Amino acid sequence: MEFFEFVIVLVGMVGGFITVWTFILYQRKEKKVRLSTETEYDIRELSAIARSLSTRIDTLEAILDAEVPTWRAQHEPPQQTL
């Protein structure tokens with residue numbers, strides 16, 4: 001009977017540990033995920049600005065490619081091959 005008592009106690013302790021660990025992990029993730037409405041708005045606004053700037057850069061590169069075809073070779077460092 002000692003063996004079964006040991007197994008029951010061990011299962012109870014492991015079950016309690018897993019329950020507490022899962023609860024703590026859930027609490028941490030919940031705190032990280034919460035963003036204020038203002039923060040969400042800022043993230044969306046910054047994302048829109050980044051997309052707009054990316055489009056502008058693409059447009060400027062296309063203009064430079066058309067008017068000065070060698071500009072990339074003049075301003076980008078040479079690529080190293082391995």
# chains A, B, ... in the order shown; residues from 1 in each chain; ligands from 1
>>> select_by_dssp(residues="chain A", states="alpha helix (DSSP H)", output="ChimeraX atom specification")
/A:2-33,37-67,71-75
>>> closest_atom_pairs(of="range 1-64 of chain A", to="range 71-75 of chain A", cutoff="12 Å", atoms="only C-alpha atoms", output="JSON lines")
{"residue": "A:Leu60", "atom": "CA", "partner": "A:Trp71", "partner_atom": "CA", "distance": 11.8}
{"residue": "A:Glu61", "atom": "CA", "partner": "A:Arg72", "partner_atom": "CA", "distance": 9.1}
{"residue": "A:Ala62", "atom": "CA", "partner": "A:Trp71", "partner_atom": "CA", "distance": 11.1}
{"residue": "A:Ile63", "atom": "CA", "partner": "A:Trp71", "partner_atom": "CA", "distance": 10.8}
{"residue": "A:Leu64", "atom": "CA", "partner": "A:Trp71", "partner_atom": "CA", "distance": 7.1}
>>> decode(residues="range 31-69 of chain A", atoms="N, CA and C atoms", output="compact mmCIF listing (two decimals), in the first residue's frame")
# COMPACT_ATOMS: atom_id res chain seq x y z
N LYS A 31 -1.50 39.76 -19.71
CA LYS A 31 -0.99 41.11 -19.45
C LYS A 31 -0.22 41.64 -20.66
N LYS A 32 0.50 40.78 -21.36
CA LYS A 32 1.27 41.22 -22.52
C LYS A 32 0.37 41.60 -23.68
N VAL A 33 -0.73 40.91 -23.84
CA VAL A 33 -1.59 41.10 -25.00
C VAL A 33 -2.42 42.37 -24.89
N ARG A 34 -2.73 42.79 -23.71
CA ARG A 34 -3.60 43.96 -23.53
C ARG A 34 -2.91 45.23 -24.02
N LEU A 35 -3.53 45.88 -24.97
CA LEU A 35 -3.05 47.16 -25.47
C LEU A 35 -4.19 48.16 -25.33
N SER A 36 -3.83 49.37 -25.00
CA SER A 36 -4.86 50.39 -24.89
C SER A 36 -5.34 50.76 -26.29
N THR A 37 -6.49 51.37 -26.33
CA THR A 37 -7.06 51.79 -27.61
C THR A 37 -6.13 52.79 -28.29
N GLU A 38 -5.53 53.65 -27.50
CA GLU A 38 -4.61 54.65 -28.05
C GLU A 38 -3.39 53.98 -28.66
N THR A 39 -2.87 52.96 -28.00
CA THR A 39 -1.70 52.25 -28.51
C THR A 39 -2.04 51.52 -29.81
N GLU A 40 -3.21 50.89 -29.85
CA GLU A 40 -3.63 50.21 -31.08
C GLU A 40 -3.76 51.21 -32.22
N TYR A 41 -4.31 52.38 -31.92
CA TYR A 41 -4.45 53.43 -32.94
C TYR A 41 -3.07 53.87 -33.42
N ASP A 42 -2.13 54.06 -32.49
CA ASP A 42 -0.78 54.47 -32.85
C ASP A 42 -0.10 53.43 -33.74
N ILE A 43 -0.29 52.17 -33.42
CA ILE A 43 0.31 51.10 -34.21
C ILE A 43 -0.27 51.10 -35.62
N ARG A 44 -1.57 51.25 -35.73
CA ARG A 44 -2.20 51.29 -37.06
C ARG A 44 -1.72 52.50 -37.86
N GLU A 45 -1.62 53.65 -37.19
CA GLU A 45 -1.18 54.87 -37.86
C GLU A 45 0.27 54.74 -38.32
N LEU A 46 1.14 54.21 -37.49
CA LEU A 46 2.53 54.02 -37.87
C LEU A 46 2.67 53.01 -39.00
N SER A 47 1.85 52.00 -38.99
CA SER A 47 1.86 51.00 -40.07
C SER A 47 1.45 51.64 -41.39
N ALA A 48 0.45 52.49 -41.37
CA ALA A 48 0.01 53.18 -42.58
C ALA A 48 1.10 54.11 -43.09
N ILE A 49 1.76 54.81 -42.18
CA ILE A 49 2.85 55.71 -42.58
C ILE A 49 3.99 54.91 -43.20
N ALA A 50 4.31 53.75 -42.62
CA ALA A 50 5.39 52.91 -43.16
C ALA A 50 5.05 52.42 -44.56
N ARG A 51 3.79 52.02 -44.78
CA ARG A 51 3.39 51.59 -46.12
C ARG A 51 3.51 52.74 -47.11
N SER A 52 3.09 53.93 -46.70
CA SER A 52 3.16 55.11 -47.57
C SER A 52 4.62 55.43 -47.92
N LEU A 53 5.49 55.39 -46.93
CA LEU A 53 6.91 55.68 -47.19
C LEU A 53 7.53 54.62 -48.09
N SER A 54 7.15 53.38 -47.91
CA SER A 54 7.65 52.31 -48.76
C SER A 54 7.24 52.54 -50.21
N THR A 55 6.00 52.95 -50.42
CA THR A 55 5.52 53.26 -51.78
C THR A 55 6.30 54.42 -52.37
N ARG A 56 6.55 55.44 -51.58
CA ARG A 56 7.32 56.60 -52.06
C ARG A 56 8.74 56.20 -52.44
N ILE A 57 9.36 55.37 -51.63
CA ILE A 57 10.73 54.92 -51.93
C ILE A 57 10.75 54.13 -53.23
N ASP A 58 9.77 53.24 -53.40
CA ASP A 58 9.69 52.47 -54.64
C ASP A 58 9.53 53.38 -55.85
N THR A 59 8.70 54.43 -55.72
CA THR A 59 8.49 55.38 -56.80
C THR A 59 9.78 56.14 -57.12
N LEU A 60 10.47 56.60 -56.08
CA LEU A 60 11.72 57.34 -56.30
C LEU A 60 12.78 56.45 -56.94
N GLU A 61 12.85 55.19 -56.52
CA GLU A 61 13.81 54.28 -57.13
C GLU A 61 13.48 54.04 -58.60
N ALA A 62 12.20 53.92 -58.91
CA ALA A 62 11.81 53.73 -60.30
C ALA A 62 12.19 54.96 -61.15
N ILE A 63 12.00 56.15 -60.61
CA ILE A 63 12.37 57.38 -61.33
C ILE A 63 13.88 57.43 -61.54
N LEU A 64 14.63 57.11 -60.49
CA LEU A 64 16.09 57.11 -60.62
C LEU A 64 16.56 56.06 -61.61
N ASP A 65 15.95 54.89 -61.59
CA ASP A 65 16.32 53.84 -62.54
C ASP A 65 16.10 54.30 -63.98
N ALA A 66 15.03 55.06 -64.21
CA ALA A 66 14.72 55.54 -65.56
C ALA A 66 15.65 56.67 -65.99
N GLU A 67 15.98 57.56 -65.06
CA GLU A 67 16.76 58.74 -65.43
C GLU A 67 18.27 58.54 -65.28
N VAL A 68 18.69 57.79 -64.26
CA VAL A 68 20.12 57.56 -64.01
C VAL A 68 20.31 56.06 -63.77
N PRO A 69 20.48 55.30 -64.83
CA PRO A 69 20.53 53.84 -64.68
C PRO A 69 21.68 53.33 -63.81
